[in-house]
$ cat entry04.txt   # compact mmCIF, C-alpha atoms
# COMPACT_ATOMS: atom_id res chain seq x y z
CA MET A 156 101.82 -149.79 -46.02
CA SER A 157 103.49 -146.52 -46.95
CA THR A 158 102.27 -144.68 -50.03
CA SER A 159 105.27 -142.39 -50.40
CA GLY A 160 107.75 -142.04 -53.25
CA PRO A 161 107.34 -143.95 -56.53
CA ASP A 162 104.55 -146.14 -55.10
CA LEU A 163 102.40 -143.07 -54.52
CA THR A 164 103.12 -141.73 -57.98
CA GLN A 165 102.11 -145.05 -59.52
CA LEU A 166 98.98 -145.24 -57.37
CA LYS A 167 97.88 -141.74 -58.32
CA SER A 168 98.49 -142.51 -61.98
CA ARG A 169 96.26 -145.59 -61.72
CA MET A 170 93.57 -143.62 -59.91
CA LYS A 171 93.59 -140.92 -62.58
CA ALA A 172 93.30 -143.57 -65.30
CA THR A 173 90.44 -145.20 -63.40
CA TRP A 174 88.38 -142.02 -63.23
CA MET A 175 89.12 -141.22 -66.87
CA ALA A 176 87.92 -144.68 -67.96
CA GLY A 177 84.39 -145.21 -69.17
CA ASP A 178 82.14 -142.16 -69.37
CA PHE A 179 81.45 -140.80 -65.90
CA GLY A 180 78.98 -138.27 -67.27
CA GLN A 181 76.58 -141.13 -67.97
CA ILE A 182 76.80 -142.16 -64.32
CA ALA A 183 76.72 -138.64 -62.84
CA GLN A 184 73.42 -137.72 -64.45
CA TYR A 185 71.63 -140.10 -62.10
CA SER A 186 72.85 -138.24 -59.00
CA ALA A 187 72.49 -134.72 -60.45
CA ALA A 188 69.17 -134.06 -58.71
CA GLU A 189 70.63 -134.94 -55.30
CA ALA A 190 73.68 -132.79 -56.06
CA GLU A 191 71.30 -129.85 -56.45
CA ASN A 192 69.69 -130.77 -53.12
CA PHE A 193 73.10 -130.97 -51.46
CA VAL A 194 74.08 -127.53 -52.77
CA SER A 195 70.72 -126.05 -51.72
CA ARG A 196 71.49 -126.95 -48.09
CA ILE A 197 74.83 -125.10 -48.16
CA PRO A 198 74.74 -121.40 -47.22
CA ILE A 199 76.16 -119.94 -50.43
CA TRP A 200 75.63 -116.26 -51.09
CA ALA A 201 76.00 -114.17 -54.23
CA ASP A 202 79.66 -113.24 -54.85
CA ALA A 203 80.92 -115.92 -52.43
CA LYS A 204 84.08 -117.65 -53.59
CA VAL A 205 83.40 -121.38 -53.86
CA LEU A 206 85.75 -124.30 -54.60
CA ASP A 207 84.36 -127.66 -55.71
CA VAL A 208 87.05 -130.29 -55.05
CA ALA A 209 87.03 -133.41 -57.26
CA CYS A 210 84.22 -131.76 -59.18
CA GLY A 211 83.80 -134.45 -61.84
CA THR A 212 81.42 -133.37 -64.58
CA GLY A 213 80.05 -130.41 -62.66
CA ASN A 214 77.10 -131.84 -60.71
CA THR A 215 77.72 -129.53 -57.74
CA ALA A 216 79.75 -126.72 -59.32
CA ILE A 217 77.00 -125.77 -61.77
CA PRO A 218 74.15 -125.38 -59.25
CA ALA A 219 76.57 -123.57 -56.92
CA ALA A 220 77.32 -121.08 -59.71
CA LYS A 221 73.61 -120.48 -60.25
CA THR A 222 73.44 -118.92 -56.77
CA GLY A 223 75.57 -116.06 -58.11
CA ALA A 224 78.74 -117.29 -56.44
CA SER A 225 82.16 -117.26 -58.08
CA VAL A 226 82.85 -120.98 -58.51
CA THR A 227 86.00 -122.93 -59.33
CA GLY A 228 85.92 -126.67 -59.95
CA VAL A 229 89.06 -128.79 -59.69
CA ASP A 230 89.56 -132.45 -60.66
CA ILE A 231 92.37 -134.85 -61.62
CA ALA A 232 90.60 -136.11 -64.75
CA PRO A 233 90.82 -133.72 -67.75
CA ASN A 234 88.11 -135.54 -69.72
CA LEU A 235 85.63 -134.99 -66.88
CA LEU A 236 86.57 -131.31 -66.75
CA GLU A 237 85.87 -131.03 -70.49
CA GLN A 238 82.40 -132.47 -69.97
CA ALA A 239 81.88 -130.08 -67.05
CA ARG A 240 82.82 -127.08 -69.23
CA LYS A 241 80.33 -128.13 -71.91
CA ARG A 242 77.57 -128.64 -69.33
CA ALA A 243 78.25 -125.28 -67.73
CA SER A 244 78.20 -123.54 -71.09
CA SER A 245 74.87 -125.12 -72.06
CA ASP A 246 73.42 -124.17 -68.66
CA ALA A 247 74.77 -120.61 -68.91
CA ALA A 248 76.65 -121.17 -65.64
CA LYS A 249 79.96 -119.39 -65.13
CA VAL A 250 82.43 -121.82 -63.60
CA ARG A 251 86.19 -122.00 -63.93
CA PHE A 252 87.27 -125.65 -64.24
CA GLU A 253 90.92 -126.55 -63.62
CA GLU A 254 92.98 -129.71 -63.34
CA GLY A 255 94.35 -130.34 -59.86
CA ASP A 256 94.83 -132.80 -57.01
CA ALA A 257 92.71 -132.80 -53.84
CA GLU A 258 95.86 -133.60 -51.86
CA ASP A 259 97.76 -130.63 -53.25
CA LEU A 260 95.29 -127.92 -54.25
CA PRO A 261 96.79 -125.22 -56.49
CA TYR A 262 95.34 -122.33 -54.47
CA ALA A 263 96.61 -119.96 -51.80
CA ASP A 264 95.69 -120.25 -48.14
CA ALA A 265 92.25 -118.90 -47.17
CA SER A 266 91.15 -118.38 -50.79
CA PHE A 267 87.52 -119.56 -50.58
CA ASP A 268 84.41 -118.86 -48.51
CA VAL A 269 83.00 -122.32 -49.22
CA VAL A 270 84.91 -125.50 -50.05
CA LEU A 271 82.69 -128.40 -51.08
CA THR A 272 83.12 -131.93 -52.40
CA MET A 273 80.49 -134.53 -53.25
CA PHE A 274 81.57 -138.18 -53.64
CA GLY A 275 84.94 -136.90 -54.83
CA ALA A 276 87.74 -136.01 -52.41
CA MET A 277 86.85 -139.07 -50.34
CA PHE A 278 88.63 -141.23 -52.94
CA ALA A 279 92.05 -139.56 -52.66
CA PRO A 280 94.55 -142.02 -51.14
CA ARG A 281 95.80 -139.84 -48.24
CA PRO A 282 92.80 -138.57 -46.27
CA GLU A 283 94.94 -136.59 -43.83
CA LYS A 284 96.33 -134.60 -46.78
CA VAL A 285 92.82 -134.01 -48.12
CA ALA A 286 91.55 -132.78 -44.76
CA ALA A 287 94.51 -130.44 -44.37
CA GLU A 288 94.03 -129.03 -47.87
CA LEU A 289 90.26 -128.49 -47.50
CA ILE A 290 90.95 -126.57 -44.30
CA ARG A 291 93.96 -124.67 -45.68
CA VAL A 292 92.20 -123.13 -48.69
CA CYS A 293 89.07 -122.21 -46.70
CA LYS A 294 88.83 -118.76 -45.15
CA PRO A 295 88.51 -118.48 -41.34
CA GLY A 296 84.81 -118.72 -40.55
CA GLY A 297 84.18 -120.31 -43.95
CA LEU A 298 82.41 -123.61 -44.61
CA ILE A 299 83.73 -127.01 -45.66
CA ALA A 300 80.90 -129.20 -46.99
CA MET A 301 81.27 -132.87 -47.90
CA ALA A 302 79.01 -135.65 -49.15
CA ASN A 303 80.59 -139.06 -48.51
CA TRP A 304 79.22 -142.54 -49.09
CA THR A 305 78.69 -144.45 -45.83
CA PRO A 306 80.02 -147.97 -45.18
CA GLN A 307 76.52 -149.15 -44.25
CA GLY A 308 74.76 -147.69 -47.30
CA PHE A 309 74.11 -149.29 -50.67
CA VAL A 310 77.23 -147.91 -52.36
CA GLY A 311 79.29 -149.08 -49.40
CA LYS A 312 77.86 -152.57 -49.92
CA THR A 313 78.79 -152.52 -53.60
CA PHE A 314 82.36 -151.60 -52.64
CA GLU A 315 82.42 -154.42 -50.08
CA THR A 316 81.13 -156.91 -52.65
CA THR A 317 83.73 -155.87 -55.22
CA ALA A 318 86.59 -155.90 -52.68
CA LYS A 319 85.99 -159.60 -51.96
CA LEU A 320 87.11 -160.43 -55.49
CA VAL A 321 89.28 -157.42 -56.33
CA PRO A 322 91.45 -156.33 -53.38
CA PRO A 323 91.53 -152.52 -53.07
CA PRO A 324 94.83 -150.57 -53.01
CA PRO A 325 96.72 -150.46 -49.67
CA VAL A 326 95.36 -147.09 -48.55
CA PRO A 327 92.70 -146.08 -46.00
CA PRO A 328 89.27 -147.13 -47.33
CA PRO A 329 87.40 -144.17 -48.90
CA LEU A 330 84.27 -145.18 -46.99
CA LEU A 331 85.87 -144.10 -43.71
CA TRP A 332 84.92 -140.57 -44.82
CA GLY A 333 81.32 -141.75 -44.31
CA ASP A 334 81.98 -142.55 -40.64
CA GLU A 335 81.00 -139.56 -38.49
CA SER A 336 83.59 -140.21 -35.80
CA ILE A 337 86.38 -140.44 -38.39
CA VAL A 338 85.24 -137.23 -40.09
CA ARG A 339 85.21 -135.37 -36.78
CA GLN A 340 88.70 -136.64 -36.06
CA ARG A 341 90.05 -135.65 -39.48
CA LEU A 342 88.46 -132.19 -39.58
CA GLY A 343 88.63 -131.52 -35.84
CA GLN A 344 91.86 -129.57 -35.92
CA GLY A 345 91.28 -126.41 -37.89
CA THR A 346 87.49 -126.32 -37.59
CA LYS A 347 85.30 -125.07 -34.75
CA GLN A 348 82.04 -126.88 -35.53
CA VAL A 349 81.32 -130.10 -37.42
CA HIS A 350 77.71 -131.03 -38.23
CA CYS A 351 76.86 -134.42 -39.77
CA LYS A 352 73.58 -135.77 -41.12
CA ARG A 353 72.71 -138.88 -43.11
CA GLN A 354 71.05 -138.29 -46.48
CA ASN A 355 70.06 -140.45 -49.45
CA VAL A 356 70.56 -140.37 -53.19
CA GLN A 357 67.53 -141.85 -54.93
CA PHE A 358 68.96 -143.81 -57.85
CA ALA A 359 66.40 -144.59 -60.56
CA TYR A 360 67.39 -146.42 -63.73
CA PRO A 361 64.97 -147.22 -66.59
CA PHE A 362 66.23 -150.80 -66.86
CA PRO A 363 66.33 -153.89 -64.58
CA PRO A 364 69.16 -154.76 -62.14
CA LYS A 365 71.07 -156.98 -64.59
CA GLU A 366 71.25 -154.13 -67.11
CA THR A 367 72.12 -151.70 -64.32
CA VAL A 368 75.23 -153.75 -63.57
CA GLU A 369 76.08 -153.72 -67.29
CA PHE A 370 75.54 -149.96 -67.35
CA PHE A 371 78.12 -149.50 -64.60
CA ARG A 372 80.52 -151.91 -66.31
CA ARG A 373 80.28 -149.84 -69.47
CA TYR A 374 80.46 -146.33 -68.05
CA PHE A 375 81.79 -146.26 -64.46
CA GLY A 376 85.60 -146.28 -64.43
CA PRO A 377 86.10 -148.02 -61.04
CA THR A 378 83.67 -150.80 -62.00
CA GLN A 379 85.22 -151.15 -65.43
CA MET A 380 88.70 -151.41 -63.94
CA ALA A 381 87.60 -153.92 -61.29
CA PHE A 382 86.18 -156.27 -63.92
CA SER A 383 89.30 -155.90 -66.06
CA ARG A 384 91.38 -157.39 -63.24
CA LEU A 385 89.36 -160.62 -63.18
CA ASP A 386 89.31 -163.66 -65.47
CA GLU A 387 86.08 -164.74 -67.14
CA THR A 388 84.93 -166.79 -64.14
CA GLY A 389 85.67 -163.95 -61.74
CA GLN A 390 83.84 -161.46 -63.92
CA GLN A 391 80.77 -163.69 -64.04
CA SER A 392 80.85 -164.11 -60.25
CA LEU A 393 81.18 -160.38 -59.60
CA ALA A 394 78.41 -159.54 -62.07
CA GLU A 395 76.08 -162.05 -60.41
CA GLN A 396 76.85 -160.78 -56.90
CA LEU A 397 76.29 -157.16 -57.89
CA GLU A 398 73.06 -158.05 -59.68
CA THR A 399 71.85 -159.82 -56.54
CA LEU A 400 72.68 -156.75 -54.46
CA TRP A 401 70.75 -154.44 -56.79
CA LYS A 402 67.80 -156.86 -56.80
CA GLU A 403 67.73 -157.05 -52.99
CA HIS A 404 67.53 -153.26 -52.66
CA ASN A 405 65.35 -152.54 -55.69
CA THR A 406 62.00 -150.88 -54.94
CA ASP A 407 60.88 -150.53 -58.58
CA ASN A 408 58.12 -153.00 -59.46
CA ASN A 409 57.74 -151.86 -63.05
CA GLY A 410 60.84 -153.23 -64.72
CA GLY A 411 63.30 -150.52 -63.69
CA THR A 412 65.78 -150.24 -60.83
CA ALA A 413 65.30 -147.85 -57.92
CA VAL A 414 67.64 -147.86 -54.92
CA ALA A 415 68.23 -145.43 -52.04
CA ALA A 416 71.95 -144.92 -51.43
CA GLU A 417 72.97 -143.40 -48.09
CA TYR A 418 75.66 -140.77 -47.68
CA LEU A 419 76.98 -138.62 -44.83
CA GLU A 420 76.51 -134.89 -45.30
CA VAL A 421 79.16 -132.89 -43.46
CA GLN A 422 79.30 -129.15 -42.75
CA ALA A 423 82.39 -127.97 -40.90
CA PHE A 424 83.18 -124.35 -40.09
CA ARG A 425 86.78 -123.22 -40.36
CA ALA A 426 88.32 -121.95 -37.14

$ encode --input "entry04.txt" --output "structure tokens"
Amino acid sequence: MSTSGPDLTQLKSRMKATWMAGDFGQIAQYSAAEAENFVSRIPIWADAKVLDVACGTGNTAIPAAKTGASVTGVDIAPNLLEQARKRASSDAAKVRFEEGDAEDLPYADASFDVVLTMFGAMFAPRPEKVAAELIRVCKPGGLIAMANWTPQGFVGKTFETTAKLVPPPPVPPPLLWGDESIVRQRLGQGTKQVHCKRQNVQFAYPFPPKETVEFFRRYFGPTQMAFSRLDETGQQSLAEQLETLWKEHNTDNNGGTAVAAEYLEVQAFRA
């Protein structure tokens, strides 16, 4: 199905509202440690110009700035950017946060030495536009780094579970960005090397699986929106299925919830 014209405008408006719903900062704190790990594996040097696309509340932009780089974070959700600014200020990290769309970045060609995105740009509805923009704003010889949830990993399974009850929008599934062959195809033109490696986020919540599902319902916009589209019976069914999934993958035997969530780490060098 085409996503051009008014349909695309409506879709983007819904996506923006979805990411502004809840309180993503509550969710992001549980992947902050892995965001630091992700940034530590990227060759960022002092004074490098770095762009964090779909930066959210600053999980990757802030540690990137602490390397001495000049960092800009861009996101469609102004409330997330406000949280990111407050976090950066409290961490004494200098980052410029701006509102913008991953499919139409407000920057000139070849503006950045490093362009990174962690669990962010993968959700934009037109992946070919995203790929073209990541490449366009990156300097020749520069690095494009991505962290994308895989279809086979835990987060991919939660998406699959939700999609059975709440059909996703008619766009390419975000999880295709976690497929190495698809990533190589999308970034192949315009890059000279693409390296991929599977990594894990170690989620650890101080409450059991049932409360973990409630935590996501309360704070994670996409989960909140999915439940809002179901009647009471549907909501109960989805909650039970998600709780079962968390229980099946939980490795915490002391009353909490601990799950390893796989993602694909991508490093592509601009031609």

$ residues_around --input "entry04.txt" --residues "Val292 of chain A" --least-positions-apart "2" --cutoff "10 Å" --atoms "only C-alpha atoms" --output "ChimeraX atom specification"
/A:206,260-270,287-290,294-295,297,299,425

$ closest_atom_pairs --input "entry04.txt" --of "segment 304-333 of chain A" --to "segment 371-389 of chain A" --cutoff "12 Å" --atoms "all atoms listed in the file" --output "tab-separated table"
residue	atom	partner	partner_atom	distance
A:Val310	CA	A:Thr378	CA	11.9
A:Thr313	CA	A:Thr378	CA	9.9
A:Phe314	CA	A:Thr378	CA	9.5
A:Thr316	CA	A:Ala381	CA	11.2
A:Thr317	CA	A:Ala381	CA	7.5
A:Ala318	CA	A:Ala381	CA	8.9
A:Lys319	CA	A:Gly389	CA	10.7
A:Leu320	CA	A:Gly389	CA	7.3
A:Val321	CA	A:Ala381	CA	6.3
A:Pro322	CA	A:Ala381	CA	9.1
A:Pro323	CA	A:Ala381	CA	9.2
A:Pro324	CA	A:Ala381	CA	11.5

$ atom_distance --input "entry04.txt" --atom1 "atom CA of Val326 of chain A" --atom2 "atom CA of Arg281 of chain A"
7.3 Å

$ closest_residue --input "entry04.txt" --among "A:Ile182, A:Met175, A:Ala413, A:Leu163" --to "Pro325 of chain A" --atoms "only C-alpha atoms"
A:Leu163

$ atom_distance --input "entry04.txt" --atom1 "atom CA of Trp401 of chain A" --atom2 "atom CA of Ala359 of chain A"
11.4 Å

$ atom_distance --input "entry04.txt" --atom1 "atom CA of Asp178 of chain A" --atom2 "atom CA of His404 of chain A"
24.8 Å

$ closest_residue --input "entry04.txt" --among "A:Gln348, A:Asn405, A:Ser225, A:Asn355" --to "Ala426 of chain A" --atoms "only C-alpha atoms"
A:Gln348

$ closest_residue --input "entry04.txt" --among "A:Gln238, A:Thr173, A:Thr367, A:Gln307" --to "Glu398 of chain A" --atoms "all atoms listed in the file"
A:Thr367

$ residues_around --input "entry04.txt" --residues "Val349 of chain A" --least-positions-apart "2" --cutoff "12 Å" --atoms "all atoms listed in the file" --output "VMD selection string"
chain A and resid 298 to 301 335 to 347 351 to 352 420 to 426
